[in-house]
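Presented below is the structure to which this report refers.
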Amino acid sequence: ELEVSEEEEGKEEEKEEVVEGGTWDCSVCTLQNDVENTECNVCGAQKPENAKITAAGVDPKEAQKAREKEARAKKAILREFQRTLRFLSGGEMTFYDAEPLLKTVGSNLALMYPAEQQNDTKEFMDKLLEHLEVELSGTTNPDLVSTTFGATIAKVKTRQHDKKHISRNPEYQSTYTMTLIVEGHDSVESALKANFEPDIHEVDDEEDTDEAGKPVKYKFEYRTLFAELPSVLCIQLNRFSYDYGRGVPIKHNHRIEIPEVLDMQQYSEVGRGAVYKLKGMLIHMGATASSGHYYSIIKSRPADGEDPDSGAWLKFDDNRVSELKADEIDEECFGGEYVGQQKDTYGNLRHVTREKGWNAYLVFYELDSATAPPPLTKEEREASKGEGGEPEKKDGEEEGEDDDEEEAPIGPDEAVAVLEAQAEQVQTANEKLWRRALLYQPATLDLFRKLIAVKLFAAKKAIGPVLMTPELARSLVRTGFALYERAVLHCEDVAASESDLRAWTTVLVSLFSNDPQSALAFLEAISAATKGEEGEATAAAVAAAGPNGWEPSELIRRAVLQKGAMRNVTEVRDSAITLITGVAKGLAEVNMINEGPGFSQMVKRLLDAVEVVVQDADVLDGYMCLFLELAKSPALRPKLLSCDVAAYLAHIYLANLSPAPEYTGDDAAAIASGEPLPKLPANTRKSIAAMYSHPLHNYKILLQALSAVLRSATPTEVFAAMPPLSRRLLNEARLLTRLVDKDPLAGLKTIVPEPPTPEEEEAMLLAEGWQKHAAQTGKIFWSHKRRKDTSTWERPKPRKHTVNELEDLSLKAAAPSDLLLVSLALMDPSMAGSVCDALVQGVERSYPNSRVLEHKLTVLKLLLQCDGDEHHEGRVQRVAEQLNAQIGKLREGEAIEVRALKNHQKCSRMEVLVKAVQELQDTIPAFVLIFPKGTLDWFLPWIEEFKPAMRVTLDDLQGKWTNSQHQDITIEGDQCTFADGNPVQISPYDTATYSTYSVPGWVLSQDHSHPNTVNWVNQANGKERTVWMRPSPSTTDDLDVTGAQQYGPQPKNPNFQVL
């Protein structure tokens, strides 16, 4: 994947070519800028990535001619546009991906942004039509664009007082688009009327003079009228404008009605008007002008012989096409306002009025042929081109220039060949679509699976003439796996069904169990590289292995890791992992796991990909799930352990903190690669808030896999079989410290409690406060005694277990060896000492009464309760000595790190250490012999001496407050009165290390409070907080005559503090 193809190398070489000198044309204001400029000197527009560079010393007009000549010769956009239209008309797929057209347009048009990104659709359409008009020259329909979108407009000058026509200047435009200013208008007709409103100017009349012979000033009307209407009228509803006061672009989302029939008689010259019918709209979805999404609403054409106006309205939104009813057009296209719901601060829903961010931007009308006037004559159209419109000659084309340079028109044979090639592409795509549609059917795939299963059952039971020969087993394996990999995993209905995938996995595992040689070849095939010299050699070796040779398979990359997938499908990943694990287990059961390079090569390939895997959280999850399932098999654990899988997992867990890349010596290299472990990036991802970063991976599955790899009935044997690198890295203080602080329960398997019986469920509901009642009709209904308006006829569901409750249940059901820290400590005395030291130091760093402290003490107690080996007393002795040393250091207070602590920090550390000693004395008999009870009688007097004084006292709380919910609070004495008038009592709240105050359900946090702002913490949920603040002083209203008027400087707030 890291290799660069020849095509990409060519692109890189093109990027490296630097044009010395020259200019580029701005796509906004058409100014010519120096090639070194990255933005336009006038309008500030950014230089497009594919800007056309005119070399220095070359006339821009000549360069433009050369580009047009090249476009006429290549016809790249025209051919791709034809191909797209042919797929839309003749293709049988539900949608067509226009990515090839976008790439072609992006490489040939100088757009401000890449073609597949944000571009204004009006600008995009104009440039596309102009380019198509150039490429159509020399074809059988050179005027296709102009006959569809071309229009002739006439600028008419009329004297106002006698309505005399003074002048008429026709102008022809081959791609006409009408732009309407919609600000201040509520309909297209209103905006049209304003757009065609005549301009009145008072100027000299050369036909009439006064007595002195000077021209008389009269008022004249200047109007623009249609002399010839286009076949397709495109109207741009200009909803975007610029707010110069704020300096930002804005969008007008007000309601604009769009008529289905548009009469253009009053905007055309006499006898040249007609009626248009609405055929399509382009919708911009976005509340602002800076972002959004486009989709289209188009009226389908009815079949021949049907009413021309009977077509259905279809909505085209990316790959989704849906039908709209006539009354839904208003909601989708007109804009305006709608009533939505919004939650307030307290979680209550309220109705709010918002602007619709989705509304029509481009509107397309088609000329009604029944009302269309006769077209202009050739002489009239040529006159309009010559007088004020487009010149007959292109820019830069001189009079009398020789026409021999014009390209010869495309011959009939060449045109037919192009059309036949496009038709063949559509037919091939349709055939492929139908083949996939017929194969990717759940019924078809289920039939294939049952046929294979019946064949397998008959051969195994020797039913009839069929016997399980090696050739038959090999044929069934290959057929079954080919269907599974190329059809089952790609069929959406089957891939989303866990039961169907389980049935396929069961059949395949049975097939591989009957053919161990194919199982070995399968493991080798799924681990074979697909790129590079090594991959080619591996593929050649696999293909040359005789009848058992398999082609390299990307099952791990596509199904397990799901690298590059648009969305991860957990069922597919789990099915592929189950298949790989089942095949490996089958080989282990027949003692063939070590035959051939299959399993070892697969593990090695997985370990070599660690640098790529850690860059994506979803890919890493599949990676870890595969190792977890492999490690659950006792027969496969020794093989994984010997490949240094434990070292790799610990290395991924530490990420950039791992010391393994800097290791030297004999134990620095991994067994799988023979080299030190690679350096990995930090486990963080960029955040919008620059002050912190979120973790990229959740290592819960990784730690379960690491614990499963190390799990064994005799931990000492695991340590003896462990390679040197794994021993060294697992004994690292950095790893143990991170496990203790971040994941003390690493390796714990979460259990899901069984669903309760109806009797248990009813008892749970009653305990939660639900009451059961019988109505007069005898029907049962439920109500909650602590909540109002909760009566319901449906039986409520009991409250689900929280994450903490599930964790506690899992911890009660777990064995000590299930925890990773305990497993590490039981392997070797030296590792046990490191784990004990890390646990004691982690306890000291914990906050009192925290859940993390409880977890650390639980792991410590489980470790010291493991008394089945000869090193038990040594572990207890090590913990007791460490606790005694830390307590003594804090009590003496002479150490440098202790003297740097504040009093509340000393008390906090001493409290957690004493708590650890007391809990170990109550649960570990051997600990009491080393650390007798009564040794810590000095603790309470010591705490009283160092306990910090309260920062906020009851006197500081007196007066008025306002909380985070904008409620007024008044405190008088020890009574706290809220806005509802119900007083509660403020009570002292004492702990061993600090004192504070509490109200029912809340405790005042002394660490985060001061006399003007106090923080209260919820006793049930420590993460929920509320803040009280002193109300800010308000100025006196001049119209308030009830109080004394005060002018000039206001008195200082008595609660003001100088910081």
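Chain labels follow the order of the structure tokens: the first chain is A, the next B, and so on; residue numbering restarts at 1 in every chain, and ligands are counted from 1 in their shown order.
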Please provide as a ChimeraX atom specification all residues within 9 Å of Ala584 of chain A, with the sequence filter that same-chain residues fewer than 6 positions apart are discarded (counting only C-alpha atoms). /A:519-520,523,593,599,630,636
Quick one: residues within 9 Å of segment 812-819 of chain A, only C-alpha atoms counted, chain neighbours fewer than 5 positions away excluded, as a list of chain:residue names? A:Gln704, A:Ser707, A:Ala708, A:Arg711, A:Ser712, A:Ala713, A:Pro744, A:Leu745, A:Ala746, A:Gly747, A:Leu748, A:Lys749, A:Ile751, A:Glu807, A:Leu824, A:Leu826, A:Val859, A:Leu862, A:Leu863, A:Gln865, A:Cys866
Okay, now the selection with all heavy atoms, as a compact mmCIF listing (two decimals), in the first residue's frame?
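Full text of part-v8.txt as output:
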```
# COMPACT_ATOMS: atom_id res chain seq x y z
N GLN A 704 -8.09 -6.87 27.18
CA GLN A 704 -8.67 -8.22 27.31
C GLN A 704 -7.87 -9.24 26.51
O GLN A 704 -7.66 -10.37 26.96
CB GLN A 704 -10.13 -8.20 26.84
CG GLN A 704 -11.07 -7.46 27.77
CD GLN A 704 -12.50 -7.48 27.26
OE1 GLN A 704 -12.77 -7.97 26.17
NE2 GLN A 704 -13.42 -6.95 28.06
N SER A 707 -4.62 -9.92 28.38
CA SER A 707 -4.88 -10.78 29.53
C SER A 707 -5.15 -12.22 29.09
O SER A 707 -4.70 -13.17 29.75
CB SER A 707 -6.06 -10.24 30.32
OG SER A 707 -6.36 -11.06 31.43
N ALA A 708 -5.85 -12.39 27.95
CA ALA A 708 -6.14 -13.74 27.47
C ALA A 708 -4.87 -14.45 27.00
O ALA A 708 -4.71 -15.66 27.20
CB ALA A 708 -7.16 -13.68 26.33
N ARG A 711 -3.13 -15.73 30.07
CA ARG A 711 -3.92 -16.55 30.99
C ARG A 711 -3.45 -18.00 30.91
O ARG A 711 -3.28 -18.57 29.84
CB ARG A 711 -5.40 -16.44 30.66
CG ARG A 711 -6.29 -17.13 31.70
CD ARG A 711 -7.75 -16.88 31.41
NE ARG A 711 -8.06 -15.46 31.54
CZ ARG A 711 -8.59 -14.73 30.57
NH1 ARG A 711 -8.83 -15.30 29.39
NH2 ARG A 711 -8.86 -13.46 30.75
N SER A 712 -3.25 -18.60 32.08
CA SER A 712 -2.84 -20.01 32.15
C SER A 712 -3.07 -20.51 33.56
O SER A 712 -3.17 -19.72 34.52
CB SER A 712 -1.37 -20.17 31.77
OG SER A 712 -0.96 -21.51 31.93
N ALA A 713 -3.16 -21.83 33.69
CA ALA A 713 -3.35 -22.42 35.02
C ALA A 713 -2.11 -22.23 35.87
O ALA A 713 -2.20 -22.13 37.10
CB ALA A 713 -3.70 -23.90 34.90
N PRO A 744 -7.06 -0.09 36.09
CA PRO A 744 -6.72 -1.08 37.12
C PRO A 744 -7.48 -2.40 36.95
O PRO A 744 -7.00 -3.44 37.41
CB PRO A 744 -7.11 -0.37 38.43
CG PRO A 744 -8.09 0.68 38.03
CD PRO A 744 -7.69 1.10 36.66
N LEU A 745 -8.64 -2.37 36.31
CA LEU A 745 -9.42 -3.59 36.10
C LEU A 745 -9.18 -4.17 34.72
O LEU A 745 -10.07 -4.83 34.14
CB LEU A 745 -10.92 -3.30 36.29
CG LEU A 745 -11.34 -2.75 37.66
CD1 LEU A 745 -12.84 -2.58 37.71
CD2 LEU A 745 -10.87 -3.67 38.78
N ALA A 746 -8.02 -3.94 34.14
CA ALA A 746 -7.70 -4.44 32.80
C ALA A 746 -7.84 -5.96 32.75
O ALA A 746 -7.37 -6.67 33.64
CB ALA A 746 -6.28 -4.04 32.42
N GLY A 747 -8.48 -6.43 31.67
CA GLY A 747 -8.70 -7.87 31.51
C GLY A 747 -10.03 -8.35 32.03
O GLY A 747 -10.42 -9.50 31.79
N LEU A 748 -10.77 -7.49 32.76
CA LEU A 748 -12.06 -7.90 33.32
C LEU A 748 -13.07 -8.12 32.21
O LEU A 748 -13.26 -7.26 31.35
CB LEU A 748 -12.56 -6.83 34.30
CG LEU A 748 -13.89 -7.13 34.99
CD1 LEU A 748 -13.73 -8.30 35.94
CD2 LEU A 748 -14.38 -5.90 35.74
N LYS A 749 -13.72 -9.25 32.22
CA LYS A 749 -14.73 -9.57 31.22
C LYS A 749 -16.10 -9.09 31.72
O LYS A 749 -16.55 -9.49 32.79
CB LYS A 749 -14.76 -11.07 30.95
CG LYS A 749 -13.50 -11.60 30.30
CD LYS A 749 -13.57 -13.10 30.10
CE LYS A 749 -13.49 -13.82 31.43
NZ LYS A 749 -13.41 -15.30 31.27
N ILE A 751 -19.87 -9.01 32.15
CA ILE A 751 -20.94 -9.99 32.06
C ILE A 751 -22.26 -9.25 31.88
O ILE A 751 -22.46 -8.14 32.39
CB ILE A 751 -21.00 -10.89 33.31
CG1 ILE A 751 -21.30 -10.05 34.55
CG2 ILE A 751 -19.71 -11.65 33.48
CD1 ILE A 751 -21.58 -10.90 35.78
N GLU A 807 -20.07 -3.16 35.92
CA GLU A 807 -18.67 -3.37 36.28
C GLU A 807 -18.56 -4.04 37.65
O GLU A 807 -17.73 -4.94 37.86
CB GLU A 807 -17.96 -2.02 36.29
CG GLU A 807 -16.45 -2.10 36.20
CD GLU A 807 -15.84 -0.73 36.03
OE1 GLU A 807 -16.04 0.12 36.92
OE2 GLU A 807 -15.16 -0.51 35.02
N LEU A 824 0.10 -10.72 36.02
CA LEU A 824 1.50 -10.33 35.94
C LEU A 824 2.23 -10.57 37.24
O LEU A 824 3.38 -11.03 37.26
CB LEU A 824 1.61 -8.85 35.53
CG LEU A 824 1.13 -8.48 34.11
CD1 LEU A 824 1.17 -6.98 33.92
CD2 LEU A 824 1.99 -9.16 33.07
N LEU A 826 1.65 -12.78 39.54
CA LEU A 826 1.79 -14.19 39.90
C LEU A 826 2.81 -14.92 39.05
O LEU A 826 3.08 -16.10 39.30
CB LEU A 826 0.43 -14.89 39.76
CG LEU A 826 -0.68 -14.40 40.69
CD1 LEU A 826 -1.97 -15.15 40.42
CD2 LEU A 826 -0.27 -14.55 42.15
N VAL A 859 -8.11 -4.57 43.45
CA VAL A 859 -7.05 -5.35 42.79
C VAL A 859 -5.97 -5.74 43.79
O VAL A 859 -5.47 -6.88 43.78
CB VAL A 859 -6.46 -4.54 41.63
CG1 VAL A 859 -5.26 -5.27 41.02
CG2 VAL A 859 -7.50 -4.27 40.56
N LEU A 862 -7.32 -8.58 45.94
CA LEU A 862 -7.38 -9.84 45.19
C LEU A 862 -5.99 -10.44 44.99
O LEU A 862 -5.81 -11.67 45.04
CB LEU A 862 -8.04 -9.60 43.83
CG LEU A 862 -9.55 -9.34 43.84
CD1 LEU A 862 -10.05 -9.00 42.45
CD2 LEU A 862 -10.31 -10.55 44.40
N LEU A 863 -5.00 -9.59 44.78
CA LEU A 863 -3.64 -10.08 44.60
C LEU A 863 -3.12 -10.73 45.89
O LEU A 863 -2.52 -11.82 45.86
CB LEU A 863 -2.73 -8.93 44.17
CG LEU A 863 -1.23 -9.22 44.12
CD1 LEU A 863 -0.93 -10.35 43.14
CD2 LEU A 863 -0.44 -7.97 43.74
N GLN A 865 -4.85 -11.99 48.22
CA GLN A 865 -5.63 -13.17 48.61
C GLN A 865 -5.19 -14.42 47.87
O GLN A 865 -5.62 -15.52 48.23
CB GLN A 865 -7.12 -12.91 48.32
CG GLN A 865 -7.76 -11.94 49.30
CD GLN A 865 -9.18 -11.57 48.91
OE1 GLN A 865 -9.65 -11.96 47.85
NE2 GLN A 865 -9.85 -10.79 49.75
N CYS A 866 -4.37 -14.28 46.83
CA CYS A 866 -3.85 -15.44 46.10
C CYS A 866 -2.72 -16.06 46.92
O CYS A 866 -1.55 -15.63 46.86
CB CYS A 866 -3.36 -15.03 44.72
SG CYS A 866 -4.65 -14.38 43.64
```
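Using only C-alpha atoms, the residues found no farther than 10 Å from Leu954 of chain A, other than those of its own chain fewer than 5 positions away, are Ile971, Glu972, Gly973, Asp974, Ile986, Ser987, Pro988, Thr996, Tyr997 and Pro1011 of chain A.
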Polymer residues at most 10 Å from segment 175-183 of chain A, only C-alpha atoms, same-chain spacing of 4 or more positions, as number ranges by chain: A: 122, 125-127, 129-130, 133, 145-153, 187-188, 190-196, 229-230, 232-241, 251-256, 362-364
Set the distance at 7 Å and use only C-alpha atoms: which residues neighbour segment 475-482 of chain A once local chain neighbours fewer than 5 positions away are removed? I'd like the list as number ranges by chain. A: 452, 508, 511-512
Preceding selection exported with N, CA, C and O atoms as a PDB file, in the first residue's frame:
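The file below, part-v8.pdb, is the result:
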```pdb
ATOM      1  N   ILE A 452     -24.148 -27.237  -0.189  1.00  0.00           N
ATOM      2  CA  ILE A 452     -22.826 -27.626   0.302  1.00  0.00           C
ATOM      3  C   ILE A 452     -22.949 -28.429   1.584  1.00  0.00           C
ATOM      4  O   ILE A 452     -22.251 -29.447   1.788  1.00  0.00           O
ATOM      5  N   LEU A 508     -18.403 -23.649   6.841  1.00  0.00           N
ATOM      6  CA  LEU A 508     -17.020 -23.528   6.373  1.00  0.00           C
ATOM      7  C   LEU A 508     -16.034 -24.164   7.348  1.00  0.00           C
ATOM      8  O   LEU A 508     -15.063 -24.810   6.934  1.00  0.00           O
ATOM      9  N   LEU A 511     -16.097 -27.753   6.769  1.00  0.00           N
ATOM     10  CA  LEU A 511     -15.394 -28.106   5.537  1.00  0.00           C
ATOM     11  C   LEU A 511     -13.884 -28.151   5.761  1.00  0.00           C
ATOM     12  O   LEU A 511     -13.196 -29.089   5.323  1.00  0.00           O
ATOM     13  N   PHE A 512     -13.339 -27.133   6.438  1.00  0.00           N
ATOM     14  CA  PHE A 512     -11.890 -27.091   6.677  1.00  0.00           C
ATOM     15  C   PHE A 512     -11.444 -28.200   7.618  1.00  0.00           C
ATOM     16  O   PHE A 512     -10.311 -28.693   7.517  1.00  0.00           O
TER      17      PHE A 512
END
```
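Residues in contact with Ala733 of chain A at 10 Å, where only C-alpha atoms are counted and same-chain residues fewer than 5 positions away are skipped, are listed as Arg738, Leu739, Met831, Ser834, Val835, Asp837 and Ala838 of chain A.
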Among listed residues A:Glu197, A:Asp808, A:Asp956, A:Asp968, nearest Ser1009 of chain A (using only C-alpha atoms): A:Asp956
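Of the residues under consideration (A:Gly893, A:Pro715, A:Met281, A:Ser726), A:Ser726 shows the shortest atom-to-atom contact distance to Ala669 of chain A when counting only C-alpha atoms.
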Taking the chain letters and numbering used in this document, name the residues of segment 478-607 of chain A that DSSP puts in alpha helix (DSSP H), as a PyMOL selection string. chain A and resi 478-486+492-495+498-513+516-527+532-543+555+570-589+598-607
Can you pull out every residue from segment 106-252 of chain A that DSSP, working from the backbone, puts in strand (DSSP E), and format the result as a PyMOL selection string? chain A and resi 151-159+165-173+177-181+199-209+215-228+232-238+240-243+248-251
Find the residues near Lys356 of chain A: any atom within 12 Å, counting only C-alpha atoms, skip ones fewer than 2 places away on the same chain, and give them as a VMD selection string. chain A and resid 251 to 256 283 to 288 330 to 340 353 to 354 358 to 360
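For the pair atom CA of Pro48 of chain A and atom CA of Lys103 of chain A, the interatomic distance is 14.6 Å.
Nearest to Val248 of chain A of all the residues A:Ser290, A:Ala609, A:Met624, A:Leu282 is A:Ser290, based on only C-alpha atoms.
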